[in-house]
Every structure is written in C-alpha cells, then in structure tokens.
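Below: upload.cif (mmCIF, C-alpha atoms; chains and numbers go by the auth columns)
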```cif
data_entry
#
loop_
_atom_site.group_PDB
_atom_site.id
_atom_site.type_symbol
_atom_site.label_atom_id
_atom_site.label_comp_id
_atom_site.label_asym_id
_atom_site.label_seq_id
_atom_site.Cartn_x
_atom_site.Cartn_y
_atom_site.Cartn_z
_atom_site.B_iso_or_equiv
_atom_site.auth_seq_id
_atom_site.auth_asym_id
ATOM 1 C CA ALA A 1 -0.451 -6.354 -12.097 0.00 15 L
ATOM 2 C CA PHE A 2 -1.718 -9.778 -11.117 0.00 16 L
ATOM 3 C CA MET A 3 -2.127 -10.773 -14.772 0.00 17 L
ATOM 4 C CA GLU A 4 1.586 -10.042 -15.263 0.00 18 L
ATOM 5 C CA LEU A 5 2.513 -11.902 -12.081 0.00 19 L
ATOM 6 C CA LYS A 6 0.543 -14.876 -13.396 0.00 20 L
ATOM 7 C CA HIS A 7 2.397 -14.623 -16.715 0.00 21 L
ATOM 8 C CA LEU A 8 5.724 -14.621 -14.832 0.00 22 L
ATOM 9 C CA GLY A 9 4.723 -17.660 -12.765 0.00 23 L
ATOM 10 C CA LEU A 10 4.562 -15.671 -9.526 0.00 24 L
ATOM 11 C CA MET A 11 0.831 -15.711 -8.879 0.00 25 L
ATOM 12 C CA ARG A 12 0.752 -18.974 -6.880 0.00 26 L
ATOM 13 C CA PRO A 13 3.518 -17.985 -4.394 0.00 27 L
ATOM 14 C CA ILE A 14 1.745 -14.685 -3.751 0.00 28 L
ATOM 15 C CA VAL A 15 -1.695 -16.282 -3.368 0.00 29 L
ATOM 16 C CA ASP A 16 -0.174 -18.809 -0.942 0.00 30 L
ATOM 17 C CA ARG A 17 1.180 -16.010 1.257 0.00 31 L
ATOM 18 C CA GLY A 18 -1.991 -13.886 1.331 0.00 32 L
ATOM 19 C CA THR A 19 -5.759 -14.028 1.549 0.00 33 L
ATOM 20 C CA VAL A 20 -7.951 -14.283 -1.547 0.00 34 L
ATOM 21 C CA ILE A 21 -10.566 -11.594 -1.002 0.00 35 L
ATOM 22 C CA THR A 22 -14.162 -12.487 -1.909 0.00 36 L
ATOM 23 C CA ALA A 23 -15.590 -8.955 -1.598 0.00 37 L
ATOM 24 C CA ALA A 24 -15.061 -5.378 -0.491 0.00 38 L
ATOM 25 C CA VAL A 25 -17.812 -4.410 1.945 0.00 39 L
ATOM 26 C CA THR A 26 -18.734 -1.016 3.401 0.00 40 L
ATOM 27 C CA TYR A 27 -20.713 -0.358 6.589 0.00 41 L
ATOM 28 C CA ASP A 28 -22.128 2.653 8.385 0.00 42 L
ATOM 29 C CA SER A 29 -21.293 3.423 12.020 0.00 43 L
ATOM 30 C CA ARG A 30 -24.220 1.286 13.233 0.00 44 L
ATOM 31 C CA GLY A 31 -23.008 -1.790 11.366 0.00 45 L
ATOM 32 C CA ASN A 32 -25.559 -1.579 8.543 0.00 46 L
ATOM 33 C CA ARG A 33 -24.146 -2.740 5.240 0.00 47 L
ATOM 34 C CA LEU A 34 -23.958 0.069 2.704 0.00 48 L
ATOM 35 C CA GLY A 35 -22.530 -1.914 -0.185 0.00 49 L
ATOM 36 C CA ARG A 36 -20.793 -5.088 -1.247 0.00 50 L
ATOM 37 C CA MET A 37 -18.620 -5.430 -4.325 0.00 51 L
ATOM 38 C CA PRO A 38 -17.564 -8.961 -5.271 0.00 52 L
ATOM 39 C CA THR A 39 -13.929 -9.289 -6.267 0.00 53 L
ATOM 40 C CA ASN A 40 -14.177 -12.385 -8.476 0.00 54 L
ATOM 41 C CA LEU A 41 -14.847 -10.330 -11.615 0.00 55 L
ATOM 42 C CA ALA A 42 -11.506 -11.059 -13.330 0.00 56 L
ATOM 43 C CA ASP A 43 -9.493 -14.074 -14.451 0.00 57 L
ATOM 44 C CA VAL A 44 -7.140 -13.620 -11.492 0.00 58 L
ATOM 45 C CA PRO A 45 -7.927 -13.465 -7.783 0.00 59 L
ATOM 46 C CA SER A 46 -7.890 -10.354 -5.606 0.00 60 L
ATOM 47 C CA VAL A 47 -5.256 -10.988 -2.958 0.00 61 L
ATOM 48 C CA CYS A 48 -4.283 -9.020 0.144 0.00 62 L
ATOM 49 C CA LEU A 49 -1.007 -9.734 1.902 0.00 63 L
ATOM 50 C CA HIS A 50 1.619 -8.071 4.045 0.00 64 L
ATOM 51 C CA ARG A 51 4.152 -6.017 2.082 0.00 65 L
ATOM 52 C CA ALA A 52 7.038 -8.104 3.469 0.00 66 L
ATOM 53 C CA ASP A 53 5.386 -11.296 2.175 0.00 67 L
ATOM 54 C CA LEU A 54 4.958 -9.776 -1.292 0.00 68 L
ATOM 55 C CA GLN A 55 8.577 -8.620 -1.299 0.00 69 L
ATOM 56 C CA GLN A 56 9.768 -12.091 -0.251 0.00 70 L
ATOM 57 C CA ALA A 57 7.753 -13.765 -3.018 0.00 71 L
ATOM 58 C CA LEU A 58 9.201 -11.374 -5.605 0.00 72 L
ATOM 59 C CA PHE A 59 12.722 -11.624 -4.174 0.00 73 L
ATOM 60 C CA THR A 60 12.795 -15.432 -4.406 0.00 74 L
ATOM 61 C CA ALA A 61 12.100 -15.191 -8.150 0.00 75 L
ATOM 62 C CA LEU A 62 15.204 -13.052 -8.773 0.00 76 L
ATOM 63 C CA SER A 63 18.858 -13.931 -8.915 0.00 77 L
ATOM 64 C CA PRO A 64 20.538 -12.637 -5.737 0.00 78 L
ATOM 65 C CA ASP A 65 23.029 -10.465 -7.645 0.00 79 L
ATOM 66 C CA CYS A 66 20.304 -8.241 -9.128 0.00 80 L
ATOM 67 C CA VAL A 67 19.048 -6.909 -5.782 0.00 81 L
ATOM 68 C CA HIS A 68 21.086 -4.177 -4.078 0.00 82 L
ATOM 69 C CA LEU A 69 19.782 -3.212 -0.654 0.00 83 L
ATOM 70 C CA GLY A 70 20.727 -0.007 1.130 0.00 84 L
ATOM 71 C CA GLU A 71 21.135 2.110 -2.006 0.00 85 L
ATOM 72 C CA GLN A 72 19.987 5.738 -2.071 0.00 86 L
ATOM 73 C CA LEU A 73 18.736 7.119 -5.392 0.00 87 L
ATOM 74 C CA VAL A 74 20.288 10.471 -6.301 0.00 88 L
ATOM 75 C CA ASP A 75 18.671 11.012 -9.708 0.00 89 L
ATOM 76 C CA PHE A 76 17.878 9.340 -13.012 0.00 90 L
ATOM 77 C CA HIS A 77 18.244 10.092 -16.703 0.00 91 L
ATOM 78 C CA GLN A 78 15.803 8.968 -19.357 0.00 92 L
ATOM 79 C CA THR A 79 16.619 8.530 -23.039 0.00 93 L
ATOM 80 C CA GLY A 80 14.969 6.867 -26.017 0.00 94 L
ATOM 81 C CA GLN A 81 16.863 3.685 -25.099 0.00 95 L
ATOM 82 C CA GLY A 82 15.690 3.495 -21.471 0.00 96 L
ATOM 83 C CA VAL A 83 16.470 4.954 -18.084 0.00 97 L
ATOM 84 C CA THR A 84 19.595 5.039 -15.912 0.00 98 L
ATOM 85 C CA ALA A 85 19.385 5.450 -12.145 0.00 99 L
ATOM 86 C CA HIS A 86 22.305 7.005 -10.252 0.00 100 L
ATOM 87 C CA PHE A 87 22.901 6.109 -6.598 0.00 101 L
ATOM 88 C CA ALA A 88 24.808 7.826 -3.766 0.00 102 L
ATOM 89 C CA SER A 89 27.301 4.936 -3.718 0.00 103 L
ATOM 90 C CA GLY A 90 28.327 5.789 -7.296 0.00 104 L
ATOM 91 C CA ARG A 91 26.599 2.692 -8.690 0.00 105 L
ATOM 92 C CA THR A 92 24.278 3.050 -11.683 0.00 106 L
ATOM 93 C CA ALA A 93 21.579 0.749 -13.005 0.00 107 L
ATOM 94 C CA SER A 94 19.948 0.877 -16.429 0.00 108 L
ATOM 95 C CA GLY A 95 16.751 -0.640 -17.777 0.00 109 L
ATOM 96 C CA ASP A 96 13.646 -0.130 -19.854 0.00 110 L
ATOM 97 C CA ALA A 97 11.686 1.448 -16.975 0.00 111 L
ATOM 98 C CA LEU A 98 12.104 2.839 -13.468 0.00 112 L
ATOM 99 C CA ILE A 99 9.475 2.174 -10.829 0.00 113 L
ATOM 100 C CA GLY A 100 9.411 4.824 -8.123 0.00 114 L
ATOM 101 C CA ALA A 101 8.347 2.883 -5.043 0.00 115 L
ATOM 102 C CA ASP A 102 10.507 4.975 -2.751 0.00 116 L
ATOM 103 C CA GLY A 103 8.030 6.383 -0.265 0.00 117 L
ATOM 104 C CA LEU A 104 6.181 9.541 0.653 0.00 118 L
ATOM 105 C CA ARG A 105 9.025 11.879 -0.299 0.00 119 L
ATOM 106 C CA SER A 106 9.917 9.971 -3.457 0.00 120 L
ATOM 107 C CA ARG A 107 12.968 11.231 -5.356 0.00 121 L
ATOM 108 C CA VAL A 108 11.583 9.596 -8.489 0.00 122 L
ATOM 109 C CA ARG A 109 8.293 11.488 -8.168 0.00 123 L
ATOM 110 C CA ALA A 110 10.089 14.753 -7.309 0.00 124 L
ATOM 111 C CA GLN A 111 12.270 14.559 -10.422 0.00 125 L
ATOM 112 C CA LEU A 112 9.552 13.284 -12.737 0.00 126 L
ATOM 113 C CA LEU A 113 6.672 15.549 -11.653 0.00 127 L
ATOM 114 C CA ALA A 114 8.308 18.333 -9.627 0.00 128 L
ATOM 115 C CA ASP A 115 4.997 18.714 -7.765 0.00 129 L
ATOM 116 C CA GLY A 116 6.475 19.763 -4.412 0.00 130 L
ATOM 117 C CA GLU A 117 6.220 18.412 -0.897 0.00 131 L
ATOM 118 C CA PRO A 118 3.291 16.252 0.219 0.00 132 L
ATOM 119 C CA VAL A 119 0.211 18.278 1.153 0.00 133 L
ATOM 120 C CA TYR A 120 -1.592 17.713 4.450 0.00 134 L
ATOM 121 C CA ARG A 121 -5.254 16.968 3.675 0.00 135 L
ATOM 122 C CA GLY A 122 -6.741 17.479 7.118 0.00 136 L
ATOM 123 C CA TYR A 123 -6.929 14.001 8.607 0.00 137 L
ATOM 124 C CA GLN A 124 -4.832 11.690 10.751 0.00 138 L
ATOM 125 C CA CYS A 125 -4.267 8.015 10.012 0.00 139 L
ATOM 126 C CA TRP A 126 -3.273 5.182 12.309 0.00 140 L
ATOM 127 C CA ARG A 127 -2.520 1.678 11.090 0.00 141 L
ATOM 128 C CA GLY A 128 -1.218 -1.644 12.300 0.00 142 L
ATOM 129 C CA VAL A 129 -1.375 -5.413 12.074 0.00 143 L
ATOM 130 C CA CYS A 130 -2.953 -7.806 14.568 0.00 144 L
ATOM 131 C CA GLU A 131 -2.600 -11.592 14.641 0.00 145 L
ATOM 132 C CA GLN A 132 -6.384 -12.167 14.611 0.00 146 L
ATOM 133 C CA ARG A 133 -7.675 -13.262 11.206 0.00 147 L
ATOM 134 C CA SER A 134 -10.736 -11.436 9.873 0.00 148 L
ATOM 135 C CA GLY A 135 -12.169 -13.661 7.146 0.00 149 L
ATOM 136 C CA GLU A 136 -12.082 -13.134 3.382 0.00 150 L
ATOM 137 C CA GLU A 137 -13.656 -9.700 3.023 0.00 151 L
ATOM 138 C CA LEU A 138 -11.981 -6.327 2.986 0.00 152 L
ATOM 139 C CA THR A 139 -14.178 -4.013 5.050 0.00 153 L
ATOM 140 C CA GLU A 140 -14.481 -0.279 5.595 0.00 154 L
ATOM 141 C CA THR A 141 -16.788 1.316 8.148 0.00 155 L
ATOM 142 C CA PHE A 142 -17.796 4.974 7.831 0.00 156 L
ATOM 143 C CA GLY A 143 -18.657 7.205 10.767 0.00 157 L
ATOM 144 C CA LEU A 144 -18.975 10.959 11.185 0.00 158 L
ATOM 145 C CA GLY A 145 -15.474 12.160 10.281 0.00 159 L
ATOM 146 C CA VAL A 146 -13.886 8.745 10.866 0.00 160 L
ATOM 147 C CA ARG A 147 -13.284 5.572 8.854 0.00 161 L
ATOM 148 C CA VAL A 148 -11.985 2.166 9.915 0.00 162 L
ATOM 149 C CA GLY A 149 -10.750 -0.561 7.593 0.00 163 L
ATOM 150 C CA LEU A 150 -9.848 -4.222 8.047 0.00 164 L
ATOM 151 C CA VAL A 151 -7.790 -6.143 5.505 0.00 165 L
ATOM 152 C CA PRO A 152 -7.081 -9.882 5.900 0.00 166 L
ATOM 153 C CA ILE A 153 -3.414 -10.498 5.017 0.00 167 L
ATOM 154 C CA GLY A 154 -2.884 -14.250 5.199 0.00 168 L
ATOM 155 C CA SER A 155 -1.003 -15.987 8.004 0.00 169 L
ATOM 156 C CA ARG A 156 0.064 -12.658 9.545 0.00 170 L
ATOM 157 C CA GLY A 157 -3.558 -11.894 10.482 0.00 171 L
ATOM 158 C CA THR A 158 -5.321 -8.619 9.737 0.00 172 L
ATOM 159 C CA ALA A 159 -4.080 -5.179 8.799 0.00 173 L
ATOM 160 C CA TRP A 160 -6.202 -2.360 10.197 0.00 174 L
ATOM 161 C CA TRP A 161 -6.361 1.375 9.688 0.00 175 L
ATOM 162 C CA CYS A 162 -8.336 4.247 11.100 0.00 176 L
ATOM 163 C CA THR A 163 -8.604 7.833 9.893 0.00 177 L
ATOM 164 C CA ALA A 164 -10.136 10.836 11.597 0.00 178 L
ATOM 165 C CA ASN A 165 -10.772 14.255 10.105 0.00 179 L
ATOM 166 C CA GLU A 166 -8.914 16.921 12.049 0.00 180 L
ATOM 167 C CA ASP A 167 -12.094 18.850 12.842 0.00 181 L
ATOM 168 C CA GLU A 168 -13.517 15.691 14.481 0.00 182 L
ATOM 169 C CA LEU A 169 -10.324 15.290 16.541 0.00 183 L
ATOM 170 C CA ALA A 170 -10.544 18.891 17.713 0.00 184 L
ATOM 171 C CA LYS A 171 -14.056 18.324 19.127 0.00 185 L
ATOM 172 C CA ASP A 172 -12.620 15.896 21.694 0.00 186 L
ATOM 173 C CA GLU A 173 -9.815 18.214 22.874 0.00 187 L
ATOM 174 C CA PRO A 174 -10.006 20.357 25.981 0.00 188 L
ATOM 175 C CA GLU A 175 -10.469 24.114 25.445 0.00 189 L
ATOM 176 C CA GLY A 176 -7.203 25.712 24.258 0.00 190 L
ATOM 177 C CA ALA A 177 -5.465 22.421 23.294 0.00 191 L
ATOM 178 C CA LYS A 178 -4.094 21.948 19.778 0.00 192 L
ATOM 179 C CA SER A 179 -3.827 18.766 17.651 0.00 193 L
ATOM 180 C CA LYS A 180 -0.401 17.518 16.688 0.00 194 L
#
```
Take the structure in this file and express it as structure tokens.
Amino acid sequence: AFMELKHLGLMRPIVDRGTVITAAVTYDSRGNRLGRMPTNLADVPSVCLHRADLQQALFTALSPDCVHLGEQLVDFHQTGQGVTAHFASGRTASGDALIGADGLRSRVRAQLLADGEPVYRGYQCWRGVCEQRSGEELTETFGLGVRVGLVPIGSRGTAWWCTANEDELAKDEPEGAKSK
C-alpha cells in the first residue's frame, strides 16, 4: 500500500503525520525480549499513525466533490466493466473496484463472502490512545492469557491495546459471577 501511496505522491504527508517504526519487538511478561524484527527491509518506511490522520492525509489529496459522507451502502453490483455501489439515499457510484472498509458488520463482506455474523473467539480487547509518546518501536508483551501492545502514532502519542482470554478473566471473578 505504501508503494502505491508513494507513487501517488501521498507518502510524505502520511509520514509527516505518523511515526516511522524502526522495529516490531516482542517481550515476555517479565520484560525479557523474545524477538525483534527490523522494519527497514523495504524501499518505503513502516509508518504508524492515527486513523483520523491517515484519513485527513488522503482526504486532502481528493477533490471535495468526490467524497460523500453519511452514506449507507445498501448493495453493489459487479460486472466485467467494474462495480456499482447503491446507497440508501438513492445515490450510486461506479468504479473499477470497491473497497469494503465499512466495519465489523461490513455489508460489502456480507454480500461478497456471505460468511455470516462475526464469531466470538474467546477473548476481550480494550484499546485507547494516550498523549505520551513511546519511541519508534511497535511492542507487544505476552503474558499468560493476556497480551499488551503499544504503537507510536505521531503527534497524537501512543495507541495501546490489551487482550485477555476469557478463561483468564474468569479466574479473577468471584464464585458464581459471569463475564460480560
């Protein structure tokens, strides 16, 4: 994706908004390093940034009349000439491709794959952003049934996430309580 962004002249605005990552590093629960993978293995940098900053960089490269906010996709039709998206407002849009970046319960995915509702995989996830910057490494720390990750995202600070397997959550609950 970054090679294409570079080709379109959008790499610099995105790099300027984010953090160029030097490595992805994993740790165990005691802080011992398990592995380190450098990210400078390609002709383009590895960059982490807040989704809103990426959207703003992409938005500024477009003419204002080609972005239509607040639309709800109803369905799409694909032919040998391209794809046409149909929206609840009655508007349609046609092009060579349709990118389904419409969330967990994606209408694009549902129509294209018909693979049903999302499936719960047995763990909870919490995530957020803090103003504190965390350097130039993406990190993930593994514990027994839990994982924590830190992702530097430019001037906004650091995105963080934590997951816990449901069976680990249940160990901390009083007798008879049930996880939500």
Hits of the PyMOL selection byres ((chain L and resi 141-152) around 6) in this structure, as a PyMOL selection string: chain L and resi 35-38+140+153+164-166+170-175
Atom CA of Ala99 of chain L to atom CA of Gly130 of chain L, straight-line distance in Å: 20.8 Å
Explicit residue set for the PyMOL selection byres ((chain L and resi 86) around 12), as JSON, numbers by chain: {"L": [82, 83, 84, 85, 87, 88, 89, 90, 99, 100, 101, 102, 103, 104, 105, 106, 116, 120, 121, 122]}
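Nearest residue to Arg161 of chain L, choosing from L:Asp129, L:Asn46, L:Glu18, L:Thr40 and counting all atoms listed in the file: L:Thr40.
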Residues in the PyMOL selection byres ((chain L and resi 51) around 7), expressed as a list in words: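 This file gives the following for the PyMOL selection byres ((chain L and resi 51) around 7): Ala37, Ala38, Val39, Gly49, Arg50, Pro52 and Thr53 of chain L.
Picture a line from atom CA of Arg31 of chain L to atom CA of Ala56 of chain L; it runs 20.0 Å.
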Take every atom of segment 134-142 of chain L listed in the file, fit an axis-aligned box around them, add 6 Å per side, and give the centre and edge lengths in Å to one decimal as JSON.
```
{"center_x": -4.1, "center_y": 8.0, "center_z": 8.0, "size_x": 17.7, "size_y": 31.4, "size_z": 20.6}
```
Using only C-alpha atoms: which of L:Leu55, L:Ala66, L:Gly163, L:Cys176 has the shortest distance to Tyr41 of chain L: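 Of the candidates, the smallest distance to Tyr41 of chain L is held by L:Gly163.
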